[in-house]
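Enquirer: Input entry_36.txt, format and content: compact mmCIF, C-alpha atoms.
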# COMPACT_ATOMS: atom_id res chain seq x y z
CA MET A 28 26.97 -66.08 -39.51
CA SER A 29 27.17 -67.80 -42.85
CA THR A 30 29.73 -66.68 -45.36
CA ARG A 31 26.76 -66.19 -47.70
CA ARG A 32 25.54 -63.38 -45.47
CA THR A 33 24.62 -60.18 -47.30
CA ILE A 34 23.96 -57.26 -45.00
CA LEU A 35 23.50 -53.62 -45.82
CA SER A 36 26.25 -51.11 -45.33
CA ALA A 37 25.23 -47.65 -44.18
CA ALA A 38 25.17 -46.53 -47.82
CA GLY A 39 23.12 -49.57 -48.76
CA ALA A 40 20.65 -48.80 -45.99
CA VAL A 41 19.96 -45.40 -47.51
CA THR A 42 19.24 -47.03 -50.88
CA ALA A 43 16.91 -49.56 -49.28
CA LEU A 44 15.04 -46.85 -47.41
CA ALA A 45 14.44 -45.00 -50.65
CA ALA A 46 12.94 -48.15 -52.10
CA LEU A 47 10.71 -48.62 -49.07
CA ARG A 48 9.25 -45.12 -48.98
CA PRO A 49 6.45 -45.77 -51.47
CA LEU A 50 5.23 -48.61 -49.25
CA THR A 51 5.63 -46.76 -45.96
CA ALA A 52 3.23 -44.10 -47.13
CA LEU A 53 0.50 -46.76 -47.13
CA ALA A 54 0.90 -47.55 -43.46
CA GLN A 55 -0.80 -45.45 -40.78
CA ALA A 56 1.45 -44.52 -37.87
CA LEU A 57 0.82 -46.48 -34.69
CA ASP A 58 0.50 -44.75 -31.33
CA GLN A 59 3.31 -46.81 -29.81
CA VAL A 60 5.26 -50.00 -30.42
CA LYS A 61 6.28 -52.67 -27.92
CA ILE A 62 9.42 -54.74 -28.47
CA TYR A 63 9.82 -58.10 -26.76
CA TYR A 64 13.37 -59.15 -25.98
CA GLY A 65 14.00 -62.69 -24.80
CA PHE A 66 16.94 -62.08 -22.47
CA PRO A 67 17.50 -60.03 -19.29
CA ALA A 68 17.89 -56.29 -19.22
CA GLY A 69 21.53 -55.24 -19.22
CA SER A 70 22.71 -57.72 -21.85
CA ALA A 71 24.17 -56.55 -25.15
CA GLY A 72 21.09 -57.30 -27.24
CA ASP A 73 18.93 -55.39 -24.79
CA SER A 74 20.79 -52.26 -25.88
CA VAL A 75 19.73 -52.85 -29.48
CA ALA A 76 16.06 -53.10 -28.52
CA ARG A 77 16.14 -50.04 -26.26
CA ARG A 78 18.19 -47.74 -28.47
CA VAL A 79 16.06 -48.51 -31.52
CA ALA A 80 12.81 -48.24 -29.52
CA GLU A 81 13.80 -44.74 -28.42
CA LYS A 82 14.15 -43.65 -32.05
CA LEU A 83 10.82 -44.96 -33.36
CA GLY A 84 8.74 -42.02 -32.16
CA GLY A 85 7.82 -39.34 -34.67
CA THR A 86 8.27 -41.64 -37.67
CA PRO A 87 5.72 -42.81 -40.26
CA TYR A 88 5.71 -46.06 -38.29
CA SER A 89 5.02 -44.83 -34.74
CA LYS A 90 3.87 -41.57 -33.18
CA GLY A 91 5.48 -42.29 -29.81
CA ALA A 92 8.77 -43.84 -28.78
CA GLY A 93 8.69 -47.60 -28.43
CA TYR A 94 9.30 -49.51 -25.22
CA VAL A 95 10.92 -52.83 -24.39
CA GLU A 96 9.45 -55.72 -22.43
CA ASN A 97 12.01 -58.31 -21.36
CA LYS A 98 10.84 -61.92 -21.49
CA PRO A 99 13.96 -63.86 -20.49
CA GLY A 100 14.34 -67.60 -20.54
CA ALA A 101 14.47 -70.60 -22.86
CA GLY A 102 17.24 -69.07 -24.99
CA GLY A 103 14.92 -66.34 -26.29
CA ARG A 104 12.08 -68.68 -27.29
CA ILE A 105 9.59 -67.14 -24.85
CA ALA A 106 9.79 -63.78 -26.62
CA VAL A 107 9.19 -65.40 -30.03
CA GLU A 108 6.26 -67.36 -28.65
CA SER A 109 4.80 -64.13 -27.27
CA LEU A 110 5.16 -62.49 -30.68
CA LYS A 111 3.32 -65.35 -32.35
CA ALA A 112 0.30 -64.62 -30.15
CA SER A 113 0.42 -60.85 -30.75
CA PRO A 114 -1.86 -58.90 -33.12
CA PRO A 115 -0.46 -58.69 -36.68
CA ASP A 116 -0.72 -54.93 -36.88
CA GLY A 117 2.87 -53.85 -36.23
CA SER A 118 2.22 -52.77 -32.65
CA VAL A 119 4.40 -55.59 -31.31
CA LEU A 120 7.83 -56.68 -32.52
CA THR A 121 10.39 -59.10 -31.14
CA LEU A 122 14.15 -58.72 -31.22
CA ALA A 123 15.62 -62.22 -31.41
CA PRO A 124 18.92 -63.87 -32.33
CA VAL A 125 18.81 -65.53 -35.73
CA SER A 126 19.43 -68.87 -34.01
CA ALA A 127 15.89 -68.73 -32.60
CA LEU A 128 14.60 -69.28 -36.14
CA SER A 129 17.51 -70.97 -37.91
CA VAL A 130 18.85 -73.37 -35.26
CA TYR A 131 16.11 -74.03 -32.71
CA PRO A 132 13.91 -75.95 -35.19
CA TYR A 133 16.61 -78.64 -35.26
CA ILE A 134 17.02 -78.99 -31.51
CA TYR A 135 13.52 -78.53 -30.12
CA PRO A 136 11.22 -81.18 -31.60
CA LYS A 137 8.27 -79.63 -29.79
CA LEU A 138 9.10 -76.02 -30.64
CA SER A 139 5.90 -74.03 -30.23
CA TYR A 140 6.49 -71.79 -33.24
CA LYS A 141 7.56 -72.20 -36.86
CA GLN A 142 9.55 -69.93 -39.12
CA ASP A 143 6.41 -68.83 -40.93
CA ASP A 144 4.76 -67.76 -37.65
CA VAL A 145 6.86 -64.58 -37.77
CA ALA A 146 7.89 -62.13 -40.47
CA PRO A 147 11.40 -60.67 -40.84
CA VAL A 148 11.53 -56.88 -40.55
CA SER A 149 15.19 -55.85 -40.28
CA ILE A 150 18.48 -57.06 -38.92
CA GLY A 151 19.50 -54.85 -36.00
CA ALA A 152 23.09 -55.64 -35.04
CA ILE A 153 25.90 -58.11 -35.59
CA MET A 154 27.54 -59.80 -32.63
CA PHE A 155 30.73 -61.78 -32.25
CA HIS A 156 30.71 -64.51 -29.66
CA GLY A 157 33.74 -65.22 -27.54
CA LEU A 158 35.19 -67.78 -25.16
CA ALA A 159 36.37 -66.27 -21.88
CA ILE A 160 37.92 -67.81 -18.79
CA GLY A 161 37.87 -66.54 -15.23
CA PRO A 162 39.57 -67.04 -11.86
CA ALA A 163 38.66 -70.74 -11.71
CA VAL A 164 41.36 -71.29 -14.33
CA PRO A 165 45.05 -70.78 -13.38
CA GLU A 166 46.58 -67.47 -14.42
CA ASP A 167 49.23 -69.16 -16.54
CA VAL A 168 46.46 -70.32 -18.92
CA LYS A 169 46.58 -67.54 -21.50
CA THR A 170 45.61 -69.02 -24.87
CA LEU A 171 42.93 -71.28 -26.27
CA LYS A 172 45.52 -74.04 -26.66
CA ASP A 173 46.47 -73.62 -22.99
CA PHE A 174 42.83 -73.77 -21.91
CA LEU A 175 42.04 -76.91 -23.89
CA ALA A 176 45.12 -78.61 -22.43
CA TRP A 177 44.06 -77.55 -18.93
CA ALA A 178 40.48 -78.72 -19.54
CA LYS A 179 41.68 -82.11 -20.75
CA ALA A 180 43.84 -82.48 -17.65
CA ASN A 181 41.07 -81.27 -15.33
CA PRO A 182 37.82 -82.73 -16.71
CA ALA A 183 35.87 -82.26 -13.47
CA GLN A 184 36.46 -78.49 -13.67
CA ALA A 185 36.17 -78.07 -17.43
CA SER A 186 32.82 -76.27 -17.57
CA TYR A 187 31.53 -73.44 -19.71
CA GLY A 188 28.41 -71.34 -19.32
CA SER A 189 26.14 -70.01 -22.05
CA PRO A 190 22.98 -67.89 -22.28
CA GLY A 191 20.88 -71.04 -22.54
CA ALA A 192 20.70 -74.62 -23.79
CA GLY A 193 20.48 -74.62 -27.57
CA SER A 194 21.68 -71.05 -27.91
CA MET A 195 24.37 -70.27 -30.47
CA PRO A 196 27.06 -69.85 -27.78
CA HIS A 197 26.11 -73.26 -26.37
CA LEU A 198 26.50 -74.85 -29.80
CA LEU A 199 29.79 -73.06 -30.39
CA GLY A 200 31.16 -74.49 -27.15
CA ALA A 201 29.92 -77.94 -28.14
CA LEU A 202 31.54 -77.62 -31.57
CA LEU A 203 34.80 -76.53 -29.99
CA GLY A 204 34.75 -79.57 -27.73
CA LEU A 205 33.89 -81.85 -30.63
CA ARG A 206 36.58 -80.53 -32.96
CA SER A 207 39.28 -80.37 -30.28
CA GLY A 208 38.44 -83.74 -28.76
CA VAL A 209 38.17 -82.17 -25.29
CA GLU A 210 35.02 -82.68 -23.26
CA LEU A 211 33.62 -79.36 -22.05
CA LYS A 212 30.70 -79.55 -19.64
CA HIS A 213 27.90 -77.16 -20.57
CA VAL A 214 26.17 -75.08 -17.88
CA PRO A 215 23.08 -73.27 -19.23
CA TYR A 216 21.94 -69.94 -17.79
CA ARG A 217 19.01 -67.59 -18.29
CA GLY A 218 20.96 -65.05 -20.35
CA THR A 219 24.50 -63.75 -20.48
CA VAL A 220 24.49 -61.67 -17.32
CA PRO A 221 24.15 -64.55 -14.82
CA SER A 222 26.68 -66.67 -16.70
CA ILE A 223 29.28 -63.92 -16.55
CA THR A 224 28.49 -63.31 -12.88
CA ASP A 225 29.37 -66.93 -12.16
CA LEU A 226 32.40 -66.77 -14.46
CA VAL A 227 33.80 -63.77 -12.59
CA GLY A 228 32.93 -65.42 -9.28
CA GLY A 229 34.81 -68.62 -10.14
CA GLN A 230 31.75 -70.89 -10.15
CA ILE A 231 32.46 -71.94 -13.74
CA ALA A 232 35.76 -72.14 -15.59
CA ALA A 233 34.72 -70.54 -18.85
CA ALA A 234 31.82 -68.97 -20.69
CA MET A 235 30.77 -68.57 -24.30
CA ASN A 236 28.76 -65.39 -24.78
CA PRO A 237 28.54 -62.37 -27.06
CA SER A 238 32.03 -60.94 -26.70
CA GLY A 239 30.79 -57.43 -25.99
CA ASP A 240 29.38 -58.62 -22.67
CA TYR A 241 32.94 -59.28 -21.48
CA LEU A 242 34.41 -55.87 -22.27
CA GLN A 243 34.07 -54.21 -18.88
CA TYR A 244 35.31 -57.31 -17.07
CA MET A 245 38.21 -57.78 -19.45
CA LYS A 246 39.33 -54.17 -18.98
CA ALA A 247 39.21 -54.73 -15.21
CA GLY A 248 41.34 -57.87 -15.55
CA ARG A 249 38.61 -60.16 -14.23
CA VAL A 250 38.25 -62.36 -17.33
CA ARG A 251 40.51 -63.40 -20.20
CA VAL A 252 38.93 -63.64 -23.65
CA LEU A 253 40.73 -66.36 -25.61
CA ALA A 254 39.00 -66.35 -29.00
CA THR A 255 36.13 -64.73 -30.88
CA SER A 256 33.84 -66.14 -33.54
CA GLY A 257 34.02 -63.62 -36.39
CA LYS A 258 35.50 -64.16 -39.81
CA LYS A 259 37.81 -61.32 -38.83
CA ARG A 260 38.88 -60.11 -35.41
CA SER A 261 36.33 -58.13 -33.44
CA PRO A 262 36.85 -54.38 -33.84
CA TYR A 263 36.43 -54.15 -30.06
CA LEU A 264 38.93 -56.92 -29.23
CA PRO A 265 41.58 -56.56 -31.95
CA ASP A 266 44.23 -58.40 -29.92
CA VAL A 267 42.08 -61.52 -29.50
CA PRO A 268 42.42 -64.12 -32.28
CA THR A 269 39.47 -65.72 -34.03
CA PHE A 270 38.61 -69.40 -33.73
CA THR A 271 39.44 -69.70 -37.43
CA GLU A 272 42.94 -68.34 -36.84
CA LEU A 273 43.37 -70.95 -34.12
CA GLY A 274 42.28 -73.85 -36.32
CA TYR A 275 38.54 -74.13 -35.64
CA PRO A 276 36.76 -72.76 -38.74
CA ASP A 277 33.42 -74.39 -37.84
CA CYS A 278 33.28 -71.99 -34.91
CA THR A 279 33.11 -69.02 -37.24
CA VAL A 280 29.81 -67.30 -36.51
CA GLU A 281 28.72 -63.71 -36.87
CA GLU A 282 25.28 -63.98 -35.35
CA TRP A 283 22.77 -61.18 -35.60
CA PHE A 284 19.83 -59.88 -33.66
CA GLY A 285 16.83 -59.23 -35.89
CA PHE A 286 13.46 -57.56 -35.52
CA TYR A 287 10.43 -59.72 -36.31
CA ALA A 288 6.71 -59.01 -36.64
CA PRO A 289 3.84 -61.49 -36.33
CA ALA A 290 2.98 -63.40 -39.48
CA ARG A 291 0.19 -61.86 -41.53
CA THR A 292 1.33 -58.34 -40.64
CA PRO A 293 0.57 -56.23 -43.75
CA ALA A 294 3.50 -55.69 -46.09
CA ALA A 295 3.09 -51.91 -45.88
CA THR A 296 3.36 -52.05 -42.07
CA ILE A 297 6.46 -54.25 -42.22
CA ALA A 298 8.02 -51.85 -44.74
CA SER A 299 7.25 -48.91 -42.48
CA ALA A 300 8.77 -50.66 -39.47
CA SER A 301 11.85 -51.67 -41.44
CA ALA A 302 12.38 -48.13 -42.69
CA ALA A 303 12.10 -46.64 -39.21
CA ILE A 304 14.48 -49.23 -37.74
CA ASN A 305 17.04 -48.64 -40.50
CA VAL A 306 16.95 -44.90 -39.90
CA ALA A 307 17.58 -45.54 -36.18
CA LEU A 308 20.51 -47.83 -36.94
CA VAL A 309 22.45 -45.17 -38.84
CA ASP A 310 21.96 -42.64 -36.05
CA LYS A 311 25.36 -41.91 -34.50
CA SER A 312 24.01 -42.12 -30.94
CA VAL A 313 22.69 -45.62 -31.63
CA ILE A 314 25.91 -46.73 -33.33
CA ASP A 315 27.97 -45.43 -30.41
CA ALA A 316 25.68 -47.00 -27.78
CA LEU A 317 25.92 -50.41 -29.43
CA ALA A 318 29.69 -50.10 -29.79
CA LEU A 319 29.92 -49.79 -26.00
CA VAL A 320 28.55 -53.32 -25.67
CA GLY A 321 30.55 -54.74 -28.57
CA LEU A 322 27.82 -54.78 -31.21
CA VAL A 323 27.93 -53.44 -34.76
CA ALA A 324 24.74 -51.60 -35.72
CA HIS A 325 23.55 -52.94 -39.06
CA GLY A 326 20.21 -52.88 -40.84
CA SER A 327 18.67 -54.74 -43.77
CA THR A 328 15.57 -55.07 -45.86
CA PRO A 329 13.06 -57.76 -44.82
CA GLN A 330 14.01 -59.75 -47.92
CA GLU A 331 17.73 -59.74 -47.13
CA MET A 332 17.04 -60.74 -43.55
CA ALA A 333 14.85 -63.65 -44.74
CA ALA A 334 17.52 -64.81 -47.19
CA ASP A 335 20.25 -64.77 -44.56
CA GLN A 336 18.05 -66.60 -42.07
CA LYS A 337 17.48 -69.29 -44.70
CA ALA A 338 21.23 -69.61 -45.31
CA GLU A 339 21.86 -70.00 -41.58
CA TYR A 340 19.12 -72.62 -41.34
CA GLU A 341 20.72 -74.66 -44.11
CA ARG A 342 24.19 -74.36 -42.58
CA TRP A 343 23.28 -75.46 -39.08
CA GLY A 344 21.25 -78.57 -39.87
CA PRO A 345 24.31 -80.80 -40.46
CA LEU A 346 26.29 -79.20 -37.61
CA VAL A 347 23.53 -79.73 -35.05
CA LYS A 348 23.31 -83.35 -36.17
CA GLN A 349 27.06 -83.77 -35.58
CA ILE A 350 26.81 -82.16 -32.15
CA GLY A 351 23.96 -84.51 -31.29
CA PHE A 352 22.09 -82.06 -29.08
CA THR A 353 18.32 -81.92 -28.84
CA ALA A 354 16.06 -80.67 -26.09
CA GLU A 355 15.50 -84.30 -25.14
CA SER A 356 19.20 -85.24 -25.01
What is this structure when it is put down as structure tokens?

Expert:
Amino acid sequence: MSTRRTILSAAGAVTALAALRPLTALAQALDQVKIYYGFPAGSAGDSVARRVAEKLGGTPYSKGAGYVENKPGAGGRIAVESLKASPPDGSVLTLAPVSALSVYPYIYPKLSYKQDDVAPVSIGAIMFHGLAIGPAVPEDVKTLKDFLAWAKANPAQASYGSPGAGSMPHLLGALLGLRSGVELKHVPYRGTVPSITDLVGGQIAAAMNPSGDYLQYMKAGRVRVLATSGKKRSPYLPDVPTFTELGYPDCTVEEWFGFYAPARTPAATIASASAAINVALVDKSVIDALALVGLVAHGSTPQEMAADQKAEYERWGPLVKQIGFTAES
């Protein structure tokens, strides 16, 4: 995430909610809310959608608990496309990575949605991406420097998986290869789960994914996480250095998952949804559930989310051009 990122702290969330209350009173509670999520069930972001959905019931926004519909594929684009076609009444939201709105416009010339087809509601969680290696790489490879040297010496085996072509992890791997001068072959998957399955199985040498998705495998000694993408070390992997520490500052990314509504959704409804989501995100059970998958629960106002999305969009334009990736490349 951009260094210009401004996200609410828990105390800030309370202040924002107070400001939203006058608007939320204007919105009539819905019977139930559906949340599209563009990756498979079981991935880290899926936990954000499900834990928040469970907390929406009995709020000024929704009478009943929400539910999640997974629409995996195309790096999360399918879920955003589905949201675009949904009624603008707050009954349908999408949880998407910020890259779906800030990066994809640069790499998909025929992208079927635009930024103004959806409306920011609230950031949901921050994630740190990480590069991990598995049994396809010799055990004496223990650091990022070791891995890059091994990859350079073994170009036919130097592959890395990601949740999808054009996803942030894909671009991070491409940037790492570009800045290190080592060619890393990209292998796209339909989400993090299948990429890690192949990583653990030795079908690919490495993977770039949200670092929380590696935790259980790392604890079991089945993968080695070499670096993470935060400005500081991940609170869940404090012994793993950041890319910045290792000399690759362009690979500093703190990506977030955010909740979006269809464009033209009334402001009062968006405010009501944002308030309910922010209340859920400071609930201890939600914070703890997201910590288990390596995510930091964090909310925002719609305006802050929109501003940060804009900053990410401006940052990634030049980087995507340097990488040279488009959907047609």

Enquirer: Show which residues sit within 7 Å of Val227 (chain A), as a PyMOL selection string. Count all atoms listed in the file, and ignore same-chain residues fewer than 4 positions away.

Expert: chain A and resi 161-162+223+249-250

Enquirer: Just write the chosen residues, C-alpha atoms, as a compact mmCIF listing (two decimals), in the frame of the given file.

Expert:
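The new file again.txt reads:
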# COMPACT_ATOMS: atom_id res chain seq x y z
CA GLY A 161 37.87 -66.54 -15.23
CA PRO A 162 39.57 -67.04 -11.86
CA ILE A 223 29.28 -63.92 -16.55
CA ARG A 249 38.61 -60.16 -14.23
CA VAL A 250 38.25 -62.36 -17.33

Enquirer: Padding 6 Å on each side, edges along x, y and z: where is the centre of the box around the listed atoms of region 204-223 of chain A, and how long are its edges in Å to one decimal? Output it as lines of an AutoDock Vina configuration file.

Expert:
center_x = 29.1
center_y = -72.7
center_z = -23.9
size_x = 32.3
size_y = 34.1
size_z = 30.1

Enquirer: From the list A:Ile304, A:Ala324, A:Ala112, A:Leu158, which residue is nearest Gly200 (chain A) when using all atoms listed in the file?

Expert: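 The shortest atom-to-atom distance to Gly200 (chain A) comes from A:Leu158.
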
Enquirer: Residues near Ile231 (chain A), anyone? I mean within 9 Å using only C-alpha atoms, not counting same-chain ones fewer than 4 positions away, as a list in words.

Expert: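 Returned residues: Ile160, Gly161, Pro162, Ala163, Val164, Gln184, Ala185, Ser186, Tyr187, Gly188, Val214, Ser222, Asp225, Leu226 and Val227 of chain A.
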
Enquirer: For C-alpha atoms, I'd like the residues from the last selection saved as a compact mmCIF listing (two decimals), in the coordinates of the input.

Expert:
# COMPACT_ATOMS: atom_id res chain seq x y z
CA ILE A 160 37.92 -67.81 -18.79
CA GLY A 161 37.87 -66.54 -15.23
CA PRO A 162 39.57 -67.04 -11.86
CA ALA A 163 38.66 -70.74 -11.71
CA VAL A 164 41.36 -71.29 -14.33
CA GLN A 184 36.46 -78.49 -13.67
CA ALA A 185 36.17 -78.07 -17.43
CA SER A 186 32.82 -76.27 -17.57
CA TYR A 187 31.53 -73.44 -19.71
CA GLY A 188 28.41 -71.34 -19.32
CA VAL A 214 26.17 -75.08 -17.88
CA SER A 222 26.68 -66.67 -16.70
CA ASP A 225 29.37 -66.93 -12.16
CA LEU A 226 32.40 -66.77 -14.46
CA VAL A 227 33.80 -63.77 -12.59

Enquirer: So which residues touch region 79-94 of chain A within 9 Å, counting only C-alpha atoms, skipping near sequence neighbours fewer than 2 positions away, as a short mmCIF file (atom, residue, chain, number, x, y, z; two decimals) with C-alpha atoms, keeping the file's coordinate frame?

Expert:
data_model
loop_
_atom_site.label_atom_id
_atom_site.label_comp_id
_atom_site.auth_asym_id
_atom_site.auth_seq_id
_atom_site.Cartn_x
_atom_site.Cartn_y
_atom_site.Cartn_z
CA THR A 51 5.63 -46.76 -45.96
CA ALA A 52 3.23 -44.10 -47.13
CA ALA A 54 0.90 -47.55 -43.46
CA GLN A 55 -0.80 -45.45 -40.78
CA ALA A 56 1.45 -44.52 -37.87
CA LEU A 57 0.82 -46.48 -34.69
CA ASP A 58 0.50 -44.75 -31.33
CA GLN A 59 3.31 -46.81 -29.81
CA VAL A 60 5.26 -50.00 -30.42
CA LYS A 61 6.28 -52.67 -27.92
CA ILE A 62 9.42 -54.74 -28.47
CA TYR A 63 9.82 -58.10 -26.76
CA SER A 74 20.79 -52.26 -25.88
CA VAL A 75 19.73 -52.85 -29.48
CA ALA A 76 16.06 -53.10 -28.52
CA ARG A 77 16.14 -50.04 -26.26
CA GLU A 96 9.45 -55.72 -22.43
CA GLY A 117 2.87 -53.85 -36.23
CA SER A 118 2.22 -52.77 -32.65
CA GLY A 151 19.50 -54.85 -36.00
CA THR A 296 3.36 -52.05 -42.07
CA ALA A 298 8.02 -51.85 -44.74
CA SER A 299 7.25 -48.91 -42.48
CA ALA A 300 8.77 -50.66 -39.47
CA SER A 301 11.85 -51.67 -41.44
CA ALA A 302 12.38 -48.13 -42.69
CA ALA A 303 12.10 -46.64 -39.21
CA ILE A 304 14.48 -49.23 -37.74
CA VAL A 306 16.95 -44.90 -39.90
CA ALA A 307 17.58 -45.54 -36.18
CA LEU A 308 20.51 -47.83 -36.94
CA ASP A 310 21.96 -42.64 -36.05
CA VAL A 313 22.69 -45.62 -31.63
#

Enquirer: Under the rule that all atoms listed in the file are counted, which of A:Val309, A:Val347, A:Ala334, A:Val267 is the nearest residue to Leu242 (chain A)?

Expert: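 Among the listed residues, the smallest separation from Leu242 (chain A) belongs to A:Val267.
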
Enquirer: Can you find the residues with an atom no farther than 12 Å from (18.9, -61.4, -44.2), counting all atoms listed in the file, and report them as an MDAnalysis selection string?

Expert: chainID A and resid 28:29 31:35 125 129 146:153 282:287 325:340

Enquirer: To one decimal place, how far is CA of Leu317 (chain A) from CA of Ser70 (chain A) in Å?

Expert: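 So the answer is 11.0 Å.
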
Enquirer: Which is closest to Lys259 (chain A) among A:Ala192, A:Leu322, A:Met245, A:Val280, if we use only C-alpha atoms?

Expert: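 Between A:Ala192, A:Leu322, A:Met245, A:Val280, the residue approaching Lys259 (chain A) most closely is A:Val280.
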
Enquirer: For Met154 (chain A), which of A:Gly72, A:Pro67, A:Pro289, A:Pro215 is the closest residue, counting only C-alpha atoms?

Expert: A:Gly72

Enquirer: Determine the nearest neighbour of Cys278 (chain A) from the options A:Leu203, A:Val95, A:Leu122, A:Ala232, counting all atoms listed in the file.

Expert: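 Checking each candidate against Cys278 (chain A), we get A:Leu203 as the closest.
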
Enquirer: Calculate how many Å separate CA of Val145 (chain A) from CA of Ser189 (chain A), rounding to one decimal.

Expert: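 The value is 25.5 Å.
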
Enquirer: I'd like the neighbourhood of Leu202 (chain A) as a ChimeraX atom specification, where a residue qualifies if any of its atoms comes within 10 Å (using only C-alpha atoms), though same-chain residues fewer than 6 positions away should be ignored.

Expert: /A:196,208,211,275,277-278,346-347,349-350

Enquirer: Could you tell me which of A:Ala178, A:Ala201, A:Asp167, A:Gly100 comes closest to Gly351 (chain A) if we count all atoms listed in the file?

Expert: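 Among the listed residues, the smallest separation from Gly351 (chain A) belongs to A:Ala201.
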
Enquirer: To one decimal place, how far is CA of Asn236 (chain A) from CA of Pro190 (chain A) in Å?

Expert: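 Distance reported for this atom pair: 6.8 Å.
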
Enquirer: Contacts of Ala71 (chain A) at 7 Å or less, counting all atoms listed in the file, minus same-chain residues fewer than 3 places along, as a PyMOL selection string?

Expert: chain A and resi 74+239-240+320
